[in-house]
$ cat final22.csv   # CSV, C-alpha atoms (C1' of nucleotides)
chain,number,residue,atom,x,y,z
Q,293,MET,CA,-6.8,-27.9,-18.9
Q,294,LYS,CA,-8.2,-24.5,-19.9
Q,295,ARG,CA,-11.4,-26.3,-20.7
Q,296,ALA,CA,-11.4,-27.8,-17.2
Q,297,LYS,CA,-10.9,-24.5,-15.5
Q,298,LYS,CA,-13.6,-22.9,-17.5
Q,299,GLN,CA,-15.9,-25.7,-16.4
Q,300,ILE,CA,-15.0,-25.2,-12.8
Q,301,PHE,CA,-15.6,-21.5,-12.9
Q,302,ARG,CA,-18.9,-21.9,-14.7
Q,303,GLN,CA,-20.0,-24.3,-12.1
Q,304,PHE,CA,-18.9,-22.0,-9.3
Q,305,ILE,CA,-20.8,-19.1,-10.9
Q,306,SER,CA,-24.0,-21.0,-11.2
Q,307,SER,CA,-23.8,-22.6,-7.8
Q,308,LYS,CA,-23.6,-19.1,-6.2
Q,309,GLY,CA,-26.5,-17.8,-8.2
Q,310,LEU,CA,-24.2,-15.4,-10.1
Q,311,LYS,CA,-24.4,-14.6,-13.7
Q,312,THR,CA,-22.4,-15.3,-16.8
Q,313,THR,CA,-21.4,-12.1,-18.5
Q,314,ARG,CA,-19.4,-11.1,-21.6
Q,315,GLN,CA,-16.8,-9.5,-19.3
Q,316,ARG,CA,-16.2,-12.5,-17.2
Q,317,ASP,CA,-15.8,-14.6,-20.3
Q,318,VAL,CA,-13.3,-12.3,-21.7
Q,319,ILE,CA,-11.3,-11.9,-18.5
Q,320,LEU,CA,-11.2,-15.7,-18.0
Q,321,ASP,CA,-9.9,-16.2,-21.5
Q,322,ALA,CA,-7.2,-13.6,-21.0
Q,323,PHE,CA,-6.2,-15.0,-17.6
Q,324,LEU,CA,-6.0,-18.5,-18.8
Q,325,SER,CA,-3.9,-17.6,-21.8
Q,326,SER,CA,-1.5,-15.5,-19.9
Q,327,ASP,CA,1.6,-15.7,-17.9
Q,328,ARG,CA,1.3,-17.7,-14.7
Q,329,HIS,CA,1.7,-14.6,-12.5
Q,330,MET,CA,-0.4,-11.6,-13.4
Q,331,SER,CA,-1.2,-8.6,-11.4
Q,332,ILE,CA,-4.6,-6.9,-11.7
Q,333,GLU,CA,-2.9,-4.1,-13.5
Q,334,ASP,CA,-1.2,-6.5,-15.9
Q,335,LEU,CA,-4.4,-8.2,-16.9
Q,336,TYR,CA,-6.3,-4.9,-17.1
Q,337,LEU,CA,-3.8,-3.4,-19.5
Q,338,LYS,CA,-3.7,-6.6,-21.6
Q,339,LEU,CA,-7.5,-6.6,-21.8
Q,340,ARG,CA,-7.8,-2.9,-22.6
Q,341,VAL,CA,-6.1,-3.4,-26.0
Q,342,LYS,CA,-9.1,-5.4,-27.3
Q,343,ASN,CA,-11.7,-4.3,-24.8
Q,344,PRO,CA,-11.3,-0.6,-24.2
Q,345,ARG,CA,-14.5,-0.3,-22.3
Q,346,ILE,CA,-13.7,-2.9,-19.6
Q,347,GLY,CA,-13.3,-1.4,-16.1
Q,348,TYR,CA,-10.5,-2.0,-13.7
Q,349,ALA,CA,-13.0,-2.7,-10.9
Q,350,THR,CA,-14.5,-5.5,-13.0
Q,351,VAL,CA,-11.1,-7.1,-13.5
Q,352,TYR,CA,-10.4,-6.8,-9.9
Q,353,ARG,CA,-13.7,-8.3,-8.9
Q,354,THR,CA,-13.4,-11.1,-11.4
Q,355,LEU,CA,-9.9,-12.1,-10.2
Q,356,LYS,CA,-11.3,-12.3,-6.7
Q,357,LEU,CA,-14.0,-14.7,-8.0
Q,358,PHE,CA,-11.3,-16.8,-9.8
Q,359,ALA,CA,-9.5,-17.1,-6.4
Q,360,GLU,CA,-12.8,-18.0,-4.7
Q,361,SER,CA,-13.7,-20.6,-7.2
Q,362,GLY,CA,-10.3,-22.2,-6.8
Q,363,ILE,CA,-8.9,-21.7,-10.3
Q,364,ALA,CA,-6.5,-19.0,-9.2
Q,365,ARG,CA,-4.6,-18.1,-6.1
Q,366,GLU,CA,-3.4,-14.7,-4.8
Q,367,ILE,CA,0.3,-14.3,-4.1
Q,368,GLN,CA,2.5,-11.5,-3.0
Q,369,PHE,CA,6.1,-11.1,-3.7
Q,370,GLY,CA,6.6,-8.1,-1.6
Q,371,ASP,CA,6.7,-5.6,-4.4
Q,372,GLY,CA,3.4,-4.1,-3.4
Q,373,GLN,CA,1.4,-5.8,-6.2
Q,374,THR,CA,-0.9,-8.7,-5.6
Q,375,ARG,CA,-0.6,-11.3,-8.3
Q,376,TYR,CA,-2.8,-14.1,-9.3
Q,377,GLU,CA,-1.4,-17.5,-10.4
Q,378,HIS,CA,-3.1,-20.4,-12.0
Q,379,VAL,CA,-3.9,-23.3,-9.6
Q,380,ALA,CA,-3.4,-26.8,-10.8
Q,381,GLU,CA,-5.5,-29.5,-9.2
Q,382,GLY,CA,-3.8,-30.8,-6.1
Q,383,GLU,CA,-0.5,-29.3,-7.0
Q,384,HIS,CA,1.5,-27.0,-4.8
Q,385,HIS,CA,4.7,-25.2,-5.7
Q,386,ASP,CA,7.0,-22.6,-4.3
Q,387,HIS,CA,8.9,-19.8,-6.1
Q,388,LEU,CA,12.3,-18.6,-7.0
Q,389,VAL,CA,12.0,-14.8,-7.7
Q,390,CYS,CA,14.7,-13.0,-9.6
Q,391,THR,CA,15.4,-9.7,-8.0
Q,392,ARG,CA,17.1,-8.4,-11.1
Q,393,CYS,CA,14.7,-9.2,-14.0
Q,394,GLY,CA,11.6,-10.2,-12.1
Q,395,ALA,CA,11.4,-13.7,-13.5
Q,396,ILE,CA,9.5,-16.2,-11.4
Q,397,ILE,CA,10.4,-19.9,-11.5
Q,398,GLU,CA,8.3,-22.5,-9.8
Q,399,PHE,CA,9.5,-25.6,-8.0
Q,400,GLU,CA,8.3,-28.4,-5.9
Q,401,ASN,CA,10.1,-30.2,-3.1
Q,402,GLU,CA,8.5,-33.0,-1.2
Q,403,THR,CA,11.2,-33.1,1.4
Q,404,ILE,CA,10.9,-29.5,2.3
Q,405,GLU,CA,7.1,-29.8,2.7
Q,406,LYS,CA,7.6,-32.8,5.0
Q,407,LEU,CA,10.1,-30.9,7.1
Q,408,GLN,CA,7.7,-28.0,7.4
Q,409,SER,CA,5.0,-30.3,8.8
Q,410,GLU,CA,7.5,-31.7,11.3
Q,411,VAL,CA,8.4,-28.2,12.5
Q,412,ALA,CA,4.8,-27.2,12.8
Q,413,ASP,CA,4.0,-30.4,14.7
Q,414,SER,CA,6.8,-29.8,17.2
Q,415,TYR,CA,5.1,-26.5,18.1
Q,416,GLY,CA,1.6,-28.0,18.1
Q,417,PHE,CA,0.8,-25.7,15.2
Q,418,LEU,CA,-1.7,-26.7,12.5
Q,419,ILE,CA,-0.6,-25.5,9.0
Q,420,GLU,CA,-3.3,-24.1,6.7
Q,421,THR,CA,-1.0,-22.7,4.0
Q,422,HIS,CA,2.6,-21.8,3.6
Q,423,LYS,CA,4.7,-19.6,1.6
Q,424,LEU,CA,8.3,-20.2,0.5
Q,425,GLU,CA,10.1,-17.9,-1.7
Q,426,LEU,CA,13.8,-17.7,-2.6
Q,427,TYR,CA,14.9,-14.3,-3.8
Q,428,GLY,CA,18.1,-13.8,-5.8
Q,429,ILE,CA,19.6,-13.8,-9.2
Q,430,CYS,CA,18.4,-16.2,-11.9
Q,431,ALA,CA,20.7,-18.2,-14.1
Q,432,LYS,CA,20.1,-15.8,-17.1
Q,433,CYS,CA,21.0,-12.7,-15.1
Q,434,ARG,CA,24.1,-14.3,-13.7
Q,435,LYS,CA,25.7,-14.7,-17.1
S,18,MET,CA,23.3,-7.2,22.6
S,19,LYS,CA,21.4,-4.0,22.7
S,20,ARG,CA,24.7,-2.3,23.3
S,21,ALA,CA,26.1,-4.0,20.2
S,22,LYS,CA,23.2,-2.8,18.0
S,23,LYS,CA,23.4,0.7,19.3
S,24,GLN,CA,27.0,0.6,18.4
S,25,ILE,CA,26.4,-0.7,14.9
S,26,PHE,CA,23.7,2.0,14.3
S,27,ARG,CA,26.0,4.7,15.6
S,28,GLN,CA,28.7,3.6,13.2
S,29,PHE,CA,26.3,3.5,10.3
S,30,ILE,CA,25.0,7.0,11.0
S,31,SER,CA,28.4,8.5,11.1
S,32,SER,CA,29.8,6.6,8.2
S,33,LYS,CA,26.9,8.1,6.1
S,34,GLY,CA,27.5,11.6,7.3
S,35,LEU,CA,24.2,11.6,9.1
S,36,LYS,CA,23.4,13.1,12.4
S,37,THR,CA,22.6,11.8,15.9
S,38,THR,CA,19.3,13.2,17.1
S,39,ARG,CA,17.2,12.9,20.2
S,40,GLN,CA,14.5,11.3,18.1
S,41,ARG,CA,16.7,8.6,16.7
S,42,ASP,CA,18.0,7.7,20.1
S,43,VAL,CA,14.5,7.5,21.5
S,44,ILE,CA,13.2,5.4,18.6
S,45,LEU,CA,16.2,3.0,18.8
S,46,ASP,CA,15.6,2.5,22.5
S,47,ALA,CA,11.9,1.8,22.0
S,48,PHE,CA,12.6,-0.6,19.1
S,49,LEU,CA,15.3,-2.5,20.9
S,50,SER,CA,13.1,-3.0,24.0
S,51,SER,CA,10.1,-4.1,22.1
S,52,ASP,CA,8.5,-7.1,20.6
S,53,ARG,CA,10.4,-8.7,17.9
S,54,HIS,CA,7.9,-7.8,15.2
S,55,MET,CA,6.7,-4.2,15.3
S,56,SER,CA,4.9,-2.3,12.6
S,57,ILE,CA,5.5,1.4,12.1
S,58,GLU,CA,2.2,2.1,13.7
S,59,ASP,CA,2.9,-0.1,16.7
S,60,LEU,CA,6.1,1.7,17.4
S,61,TYR,CA,4.7,5.1,16.7
S,62,LEU,CA,1.9,4.6,19.2
S,63,LYS,CA,4.2,3.2,21.8
S,64,LEU,CA,6.5,6.2,21.4
S,65,ARG,CA,3.7,8.7,21.5
S,66,VAL,CA,3.0,7.8,25.1
S,67,LYS,CA,6.2,9.4,26.4
S,68,ASN,CA,7.0,11.5,23.4
S,69,PRO,CA,3.8,13.1,22.1
S,70,ARG,CA,5.7,15.4,19.7
S,71,ILE,CA,7.3,12.7,17.7
S,72,GLY,CA,6.1,12.3,14.1
S,73,TYR,CA,5.0,9.3,12.3
S,74,ALA,CA,7.2,10.2,9.4
S,75,THR,CA,10.2,10.2,11.7
S,76,VAL,CA,9.5,6.8,13.0
S,77,TYR,CA,9.0,5.6,9.4
S,78,ARG,CA,12.3,7.1,8.3
S,79,THR,CA,14.2,5.9,11.2
S,80,LEU,CA,13.0,2.3,10.8
S,81,LYS,CA,14.2,2.4,7.2
S,82,LEU,CA,17.5,3.5,8.5
S,83,PHE,CA,17.6,0.6,11.0
S,84,ALA,CA,17.0,-1.8,8.1
S,85,GLU,CA,19.7,-0.1,6.0
S,86,SER,CA,22.1,-0.3,8.9
S,87,GLY,CA,21.5,-4.0,9.3
S,88,ILE,CA,20.0,-4.0,12.8
S,89,ALA,CA,16.5,-4.6,11.6
S,90,ARG,CA,14.7,-6.3,8.7
S,91,GLU,CA,11.4,-5.5,7.0
S,92,ILE,CA,8.9,-8.4,6.9
S,93,GLN,CA,5.4,-8.7,5.6
S,94,PHE,CA,2.9,-11.3,6.6
S,95,GLY,CA,0.3,-10.3,4.1
S,96,ASP,CA,-1.9,-8.3,6.4
S,97,GLY,CA,-1.0,-5.0,4.7
S,98,GLN,CA,1.3,-3.8,7.5
S,99,THR,CA,5.1,-3.8,7.1
S,100,ARG,CA,6.8,-5.0,10.2
S,101,TYR,CA,10.4,-4.7,11.4
S,102,GLU,CA,12.1,-7.4,13.2
S,103,HIS,CA,15.4,-7.5,15.1
S,104,VAL,CA,18.3,-9.0,13.2
S,105,ALA,CA,20.7,-11.1,15.2
S,106,GLU,CA,24.2,-11.4,13.8
S,107,GLY,CA,24.5,-14.3,11.4
S,108,GLU,CA,21.2,-15.8,12.5
S,109,HIS,CA,18.3,-16.5,10.3
S,110,HIS,CA,14.9,-17.8,11.2
S,111,ASP,CA,11.5,-18.4,9.7
S,112,HIS,CA,8.0,-17.9,11.0
S,113,LEU,CA,4.9,-19.6,12.1
S,114,VAL,CA,2.0,-17.1,11.8
S,115,CYS,CA,-1.2,-17.8,13.6
S,116,THR,CA,-4.1,-16.7,11.4
S,117,ARG,CA,-6.4,-16.7,14.4
S,118,CYS,CA,-4.6,-14.6,17.1
S,119,GLY,CA,-1.8,-13.2,15.1
S,120,ALA,CA,0.9,-14.8,17.2
S,121,ILE,CA,4.3,-15.1,15.5
S,122,ILE,CA,6.6,-18.0,16.4
S,123,GLU,CA,10.1,-18.1,15.1
S,124,PHE,CA,12.0,-21.2,14.2
S,125,GLU,CA,15.2,-22.4,12.6
S,126,ASN,CA,15.8,-25.5,10.5
S,127,GLU,CA,19.2,-26.2,9.1
S,128,THR,CA,17.9,-29.0,6.9
S,129,ILE,CA,15.3,-26.9,5.2
S,130,GLU,CA,17.9,-24.2,4.5
S,131,LYS,CA,20.2,-26.8,3.0
S,132,LEU,CA,17.5,-28.1,0.7
S,133,GLN,CA,16.6,-24.6,-0.4
S,134,SER,CA,20.2,-24.1,-1.5
S,135,GLU,CA,20.1,-27.4,-3.4
S,136,VAL,CA,16.9,-26.4,-5.2
S,137,ALA,CA,18.4,-23.0,-6.1
S,138,ASP,CA,21.6,-24.6,-7.4
S,139,SER,CA,19.7,-27.0,-9.6
S,140,TYR,CA,18.2,-23.9,-11.4
S,141,GLY,CA,21.5,-22.1,-11.5
S,142,PHE,CA,19.9,-19.5,-9.2
S,143,LEU,CA,21.9,-17.5,-6.6
S,144,ILE,CA,19.9,-17.0,-3.4
S,145,GLU,CA,20.1,-13.6,-1.7
S,146,THR,CA,17.4,-14.0,0.8
S,147,HIS,CA,14.4,-16.2,1.4
S,148,LYS,CA,11.1,-16.2,3.1
S,149,LEU,CA,9.4,-19.1,4.6
S,150,GLU,CA,6.2,-18.7,6.5
S,151,LEU,CA,3.7,-21.3,7.7
S,152,TYR,CA,0.3,-20.0,8.3
S,153,GLY,CA,-2.3,-21.8,10.4
S,154,ILE,CA,-3.5,-22.2,14.0
S,155,CYS,CA,-1.2,-22.0,16.9
S,156,ALA,CA,-1.3,-24.5,19.8
S,157,LYS,CA,-3.0,-22.0,22.1
S,158,CYS,CA,-5.8,-21.3,19.6
S,159,ARG,CA,-6.3,-25.0,18.9
S,160,LYS,CA,-7.3,-25.8,22.5
K,133,DC,C1',32.0,29.3,21.8
K,134,DC,C1',29.8,30.9,17.3
K,135,DG,C1',28.3,30.9,12.6
K,136,DT,C1',26.8,28.3,9.1
K,137,DA,C1',26.2,24.5,5.9
K,138,DT,C1',23.7,20.5,6.0
K,139,DA,C1',20.7,17.1,7.8
K,140,DG,C1',16.5,16.1,10.5
K,141,DT,C1',11.8,16.9,12.0
K,142,DG,C1',6.7,17.1,12.0
K,143,DA,C1',2.5,18.3,9.8
K,144,DA,C1',0.3,17.9,5.9
K,145,DA,C1',-0.2,16.6,1.2
K,146,DT,C1',0.5,12.9,-2.1
K,147,DT,C1',0.9,8.4,-3.9
K,148,DC,C1',-0.3,3.8,-4.6
K,149,DA,C1',-2.9,-0.2,-4.8
K,150,DC,C1',-6.7,-1.6,-3.9
K,151,DT,C1',-11.8,-1.5,-2.4
K,152,DT,C1',-16.4,0.3,-2.3
K,153,DT,C1',-20.3,3.1,-3.8
K,154,DC,C1',-23.9,4.2,-6.9
K,155,DA,C1',-26.5,5.0,-11.0
K,156,DT,C1',-27.1,2.5,-15.0
K,157,DT,C1',-27.1,-1.8,-17.7
K,158,DA,C1',-27.4,-6.8,-18.5
K,159,DT,C1',-28.8,-11.5,-17.4
K,160,DC,C1',-32.1,-15.0,-17.0
K,161,DG,C1',-36.0,-17.8,-15.0
K,162,DG,C1',-40.8,-17.7,-15.7
E,144,DC,C1',-41.0,-10.1,-23.0
E,145,DC,C1',-40.9,-8.9,-17.7
E,146,DG,C1',-39.1,-8.0,-13.6
E,147,DA,C1',-36.1,-9.3,-10.0
E,148,DT,C1',-31.5,-9.5,-9.2
E,149,DA,C1',-26.7,-9.3,-10.3
E,150,DA,C1',-22.9,-6.9,-12.9
E,151,DT,C1',-20.6,-3.0,-14.7
E,152,DG,C1',-17.8,1.2,-15.0
E,153,DA,C1',-16.7,5.7,-13.3
E,154,DA,C1',-15.6,7.9,-9.6
E,155,DA,C1',-15.1,8.3,-4.8
E,156,DG,C1',-13.0,6.3,-0.6
E,157,DT,C1',-9.4,3.7,2.2
E,158,DG,C1',-5.3,2.8,4.6
E,159,DA,C1',-0.6,2.4,4.7
E,160,DA,C1',3.5,4.2,2.8
E,161,DT,C1',6.2,8.0,1.0
E,162,DT,C1',7.3,12.7,-0.1
E,163,DT,C1',7.1,17.8,0.4
E,164,DC,C1',8.2,21.8,2.7
E,165,DA,C1',9.0,25.3,6.1
E,166,DC,C1',11.2,25.3,10.2
E,167,DT,C1',14.7,23.4,13.6
E,168,DA,C1',18.7,21.1,15.3
E,169,DT,C1',23.4,19.2,14.7
E,170,DA,C1',28.2,19.5,14.3
E,171,DC,C1',32.3,21.0,11.9
E,172,DG,C1',35.7,24.9,11.0
E,173,DG,C1',37.0,28.8,12.6

$ encode --input "final22.csv" --output "structure tokens"
Amino acid sequence: MKRAKKQIFRQFISSKGLKTTRQRDVILDAFLSSDRHMSIEDLYLKLRVKNPRIGYATVYRTLKLFAESGIAREIQFGDGQTRYEHVAEGEHHDHLVCTRCGAIIEFENETIEKLQSEVADSYGFLIETHKLELYGICAKCRK
Amino acid sequence: MKRAKKQIFRQFISSKGLKTTRQRDVILDAFLSSDRHMSIEDLYLKLRVKNPRIGYATVYRTLKLFAESGIAREIQFGDGQTRYEHVAEGEHHDHLVCTRCGAIIEFENETIEKLQSEVADSYGFLIETHKLELYGICAKCRK
DNA sequence: CCGTATAGTGAAATTCACTTTCATTATCGG
DNA sequence: CCGATAATGAAAGTGAATTTCACTATACGG
């Protein structure tokens, strides 16, 4: 899984005539072994511990590259921070976001997706992407 | 309808010990007689035409009050601008957002809402709000 | 009405989260 | 190893949102 993503990214880099660098390797490792939803800041701080000389701009640019290469996706939960989540081949999921503790739970629902297409069709609208988020209190916080 | 919202806002203002001002009246009128999805900037510019002395900060603060009072809701479509939409009593709708021309179409779908609740239940999650947006190309732009 | 305590306003400054610039450094094909 | 080209990090720049502050307006309690 990690191996596969590294492979995809490596391919992307070389196909674009870009270069492999120590920073990109380090950032990719950190990203792949992290939480599924990291902001630039999160990842930057995590990296700083072992790589004090890495720059915020580099993390920022590298995450953009991850998104471009297809191994990551930008998401926003309306808290002002852009997050990057891992993309699994062919899979799509939506989110439950706990407004109390910030926990993010992923889910998939075929039927909802199908209904979305129907709605779009009825308006002659062509869906490119969609976003479905349910905000509320997670099981843990409800106890 | 407009009358009802003005009433609600008036009530909110007085219940909080706030004051009625010329600016708030003007901004409320402009908001109620506008597009359903206005950014602060949009409304500010619209207001400036007839009220050159009104400040951006006042529009910003007043829109926040509208949201607090329940007559408006903040929404974000990921273009970096916060928008405010009218809230109709008890009604909820989702959006189709055209990535080409920016058009916003509203829709409602009972079944999708029901499925969302089921998903949330299965995770022991209590939904407070949700957000469903379909991004793509609208019928007009597809022609 | 009038005075006054309190809230509101507008201009400008600040914050926040990126995003870009630029001088310097690193990569890599030949 | 060279040289062309890309990458990096620090710092500056952006754009929208938010706050500050001196001044003004509102609305009770006489």

$ closest_atom_pairs --input "final22.csv" --of "chain E" --to "range 144-148 of chain K" --cutoff "10 Å" --atoms "all atoms listed in the file" --output "Markdown table"
| residue | atom | partner | partner_atom | distance |
| --- | --- | --- | --- | --- |
| E:DA159 | C1' | K:DC148 | C1' | 9.4 |
| E:DA160 | C1' | K:DT147 | C1' | 8.3 |
| E:DT161 | C1' | K:DT147 | C1' | 7.2 |
| E:DT162 | C1' | K:DT146 | C1' | 7.1 |
| E:DT163 | C1' | K:DA145 | C1' | 7.4 |
| E:DC164 | C1' | K:DA144 | C1' | 9.4 |

$ write_last_selection --input "final22.csv" --atoms "C-alpha atoms (C1' of nucleotides)" --output "mmCIF file, in the coordinates of the input"
data_model
loop_
_atom_site.group_PDB
_atom_site.id
_atom_site.type_symbol
_atom_site.label_atom_id
_atom_site.label_comp_id
_atom_site.auth_asym_id
_atom_site.auth_seq_id
_atom_site.Cartn_x
_atom_site.Cartn_y
_atom_site.Cartn_z
ATOM 1 C "C1'" DA E 159 -0.600 2.400 4.700
ATOM 2 C "C1'" DA E 160 3.500 4.200 2.800
ATOM 3 C "C1'" DT E 161 6.200 8.000 1.000
ATOM 4 C "C1'" DT E 162 7.300 12.700 -0.100
ATOM 5 C "C1'" DT E 163 7.100 17.800 0.400
ATOM 6 C "C1'" DC E 164 8.200 21.800 2.700
#

$ interface_residues --input "final22.csv" --of "chain E" --to "chain Q" --cutoff "10 Å" --atoms "all atoms listed in the file" --output "list in words"
DT148, DA149, DA150, DT151, DG152 and DA153 of chain E

$ write_last_selection --input "final22.csv" --atoms "C-alpha atoms (C1' of nucleotides)" --output "compact mmCIF listing (two decimals), in the frame of the given file"
# COMPACT_ATOMS: atom_id res chain seq x y z
C1' DT E 148 -31.50 -9.50 -9.20
C1' DA E 149 -26.70 -9.30 -10.30
C1' DA E 150 -22.90 -6.90 -12.90
C1' DT E 151 -20.60 -3.00 -14.70
C1' DG E 152 -17.80 1.20 -15.00
C1' DA E 153 -16.70 5.70 -13.30

$ calpha_fit_and_write --input "final22.csv" --fixed "chain Q" --moving "chain S" --output "compact mmCIF listing (two decimals) with C-alpha atoms, in the coordinates of the input"
# COMPACT_ATOMS: atom_id res chain seq x y z
CA MET S 18 -7.00 -28.06 -18.63
CA LYS S 19 -8.36 -24.74 -19.62
CA ARG S 20 -11.60 -26.51 -20.33
CA ALA S 21 -11.53 -27.97 -16.83
CA LYS S 22 -11.04 -24.54 -15.20
CA LYS S 23 -13.73 -22.95 -17.25
CA GLN S 24 -15.94 -25.69 -16.07
CA ILE S 25 -15.04 -25.25 -12.42
CA PHE S 26 -15.62 -21.44 -12.68
CA ARG S 27 -18.95 -21.98 -14.38
CA GLN S 28 -20.05 -24.28 -11.59
CA PHE S 29 -18.92 -21.84 -8.94
CA ILE S 30 -20.80 -18.95 -10.53
CA SER S 31 -24.01 -20.81 -10.71
CA SER S 32 -23.76 -22.43 -7.35
CA LYS S 33 -23.48 -18.84 -5.88
CA GLY S 34 -26.43 -17.55 -7.81
CA LEU S 35 -24.19 -15.29 -9.81
CA LYS S 36 -24.44 -14.46 -13.42
CA THR S 37 -22.45 -15.28 -16.58
CA THR S 38 -21.40 -12.09 -18.33
CA ARG S 39 -19.47 -11.22 -21.43
CA GLN S 40 -16.87 -9.57 -19.24
CA ARG S 41 -16.27 -12.58 -17.08
CA ASP S 42 -15.87 -14.81 -20.07
CA VAL S 43 -13.41 -12.43 -21.66
CA ILE S 44 -11.38 -12.02 -18.46
CA LEU S 45 -11.27 -15.81 -17.87
CA ASP S 46 -10.01 -16.37 -21.39
CA ALA S 47 -7.30 -13.73 -21.03
CA PHE S 48 -6.23 -15.08 -17.61
CA LEU S 49 -6.12 -18.67 -18.70
CA SER S 50 -3.97 -17.84 -21.77
CA SER S 51 -1.56 -15.70 -19.91
CA ASP S 52 1.55 -15.85 -17.89
CA ARG S 53 1.30 -17.73 -14.75
CA HIS S 54 1.72 -14.68 -12.53
CA MET S 55 -0.38 -11.69 -13.56
CA SER S 56 -1.16 -8.63 -11.52
CA ILE S 57 -4.50 -6.88 -11.84
CA GLU S 58 -2.84 -4.18 -13.82
CA ASP S 59 -1.12 -6.60 -16.16
CA LEU S 60 -4.36 -8.25 -17.00
CA TYR S 61 -6.29 -5.05 -17.22
CA LEU S 62 -3.87 -3.62 -19.75
CA LYS S 63 -3.79 -6.77 -21.77
CA LEU S 64 -7.59 -6.80 -21.89
CA ARG S 65 -7.86 -3.16 -22.79
CA VAL S 66 -6.23 -3.84 -26.13
CA LYS S 67 -9.23 -5.73 -27.50
CA ASN S 68 -11.78 -4.56 -25.02
CA PRO S 69 -11.29 -0.84 -24.38
CA ARG S 70 -14.58 -0.55 -22.43
CA ILE S 71 -13.69 -2.96 -19.74
CA GLY S 72 -13.16 -1.52 -16.25
CA TYR S 73 -10.38 -2.00 -13.90
CA ALA S 74 -12.82 -2.65 -11.12
CA THR S 75 -14.30 -5.49 -13.12
CA VAL S 76 -11.03 -7.15 -13.65
CA TYR S 77 -10.28 -6.71 -9.92
CA ARG S 78 -13.60 -8.26 -8.94
CA THR S 79 -13.40 -11.04 -11.32
CA LEU S 80 -9.90 -12.06 -10.20
CA LYS S 81 -11.20 -12.24 -6.64
CA LEU S 82 -13.87 -14.49 -7.89
CA PHE S 83 -11.31 -16.73 -9.64
CA ALA S 84 -9.46 -17.05 -6.32
CA GLU S 85 -12.71 -17.80 -4.46
CA SER S 86 -13.60 -20.40 -7.04
CA GLY S 87 -10.27 -22.13 -6.62
CA ILE S 88 -8.89 -21.64 -10.13
CA ALA S 89 -6.47 -18.96 -9.10
CA ARG S 90 -4.45 -17.92 -6.04
CA GLU S 91 -3.33 -14.50 -4.84
CA ILE S 92 0.44 -14.15 -4.27
CA GLN S 93 2.60 -11.28 -3.21
CA PHE S 94 6.29 -10.99 -3.78
CA GLY S 95 6.72 -7.84 -1.79
CA ASP S 96 6.79 -5.41 -4.66
CA GLY S 97 3.42 -3.90 -3.70
CA GLN S 98 1.48 -5.60 -6.51
CA THR S 99 -0.86 -8.54 -5.82
CA ARG S 100 -0.51 -11.20 -8.42
CA TYR S 101 -2.75 -14.13 -9.37
CA GLU S 102 -1.40 -17.39 -10.36
CA HIS S 103 -3.05 -20.45 -11.92
CA VAL S 104 -3.88 -23.23 -9.50
CA ALA S 105 -3.39 -26.74 -10.76
CA GLU S 106 -5.46 -29.42 -9.06
CA GLY S 107 -3.69 -30.83 -6.04
CA GLU S 108 -0.37 -29.29 -7.02
CA HIS S 109 1.62 -26.95 -4.95
CA HIS S 110 4.82 -25.17 -5.79
CA ASP S 111 7.13 -22.51 -4.47
CA HIS S 112 9.02 -19.70 -6.12
CA LEU S 113 12.38 -18.44 -7.04
CA VAL S 114 12.11 -14.64 -7.55
CA CYS S 115 14.84 -12.86 -9.39
CA THR S 116 15.42 -9.48 -7.74
CA ARG S 117 17.22 -8.26 -10.83
CA CYS S 118 14.85 -9.03 -13.79
CA GLY S 119 11.79 -10.05 -11.96
CA ALA S 120 11.71 -13.53 -13.41
CA ILE S 121 9.67 -16.07 -11.42
CA ILE S 122 10.69 -19.74 -11.44
CA GLU S 123 8.48 -22.31 -9.88
CA PHE S 124 9.65 -25.42 -8.15
CA GLU S 125 8.45 -28.33 -6.06
CA ASN S 126 10.23 -30.16 -3.26
CA GLU S 127 8.54 -32.98 -1.48
CA THR S 128 11.22 -33.11 1.20
CA ILE S 129 10.90 -29.49 2.16
CA GLU S 130 7.11 -29.87 2.42
CA LYS S 131 7.57 -32.89 4.66
CA LEU S 132 9.90 -31.03 6.97
CA GLN S 133 7.53 -28.08 7.16
CA SER S 134 4.82 -30.44 8.40
CA GLU S 135 7.21 -31.87 10.99
CA VAL S 136 8.11 -28.39 12.25
CA ALA S 137 4.40 -27.45 12.46
CA ASP S 138 3.56 -30.65 14.34
CA SER S 139 6.28 -30.07 16.88
CA TYR S 140 4.50 -26.74 17.79
CA GLY S 141 1.08 -28.31 17.73
CA PHE S 142 0.32 -26.01 14.78
CA LEU S 143 -2.10 -26.98 11.95
CA ILE S 144 -0.84 -25.75 8.57
CA GLU S 145 -3.40 -24.30 6.16
CA THR S 146 -1.12 -22.89 3.61
CA HIS S 147 2.50 -21.89 3.30
CA LYS S 148 4.72 -19.61 1.39
CA LEU S 149 8.24 -20.22 0.47
CA GLU S 150 10.11 -17.83 -1.71
CA LEU S 151 13.83 -17.57 -2.47
CA TYR S 152 14.93 -14.25 -3.62
CA GLY S 153 18.21 -13.63 -5.45
CA ILE S 154 19.74 -13.63 -8.94
CA CYS S 155 18.60 -15.93 -11.62
CA ALA S 156 21.03 -17.87 -13.86
CA LYS S 157 20.40 -15.55 -16.81
CA CYS S 158 21.19 -12.42 -14.76
CA ARG S 159 24.31 -14.00 -13.27
CA LYS S 160 26.04 -14.39 -16.65

$ atom_distance --input "final22.csv" --atom1 "CA of Lys356 in chain Q" --atom2 "CA of Leu426 in chain Q"
26.0 Å

$ residues_around --input "final22.csv" --residues "range 82-95 of chain S" --least-positions-apart "2" --cutoff "8 Å" --atoms "only C-alpha atoms (C1' of nucleotides)" --output "list in words"
Gln368 and Gly370 of chain Q; Lys22, Ile25, Phe26, Phe29, Arg78, Thr79, Leu80, Gly97, Gln98, Thr99, Arg100, Tyr101, Glu102, His103, Val104, Ala105 and Val114 of chain S
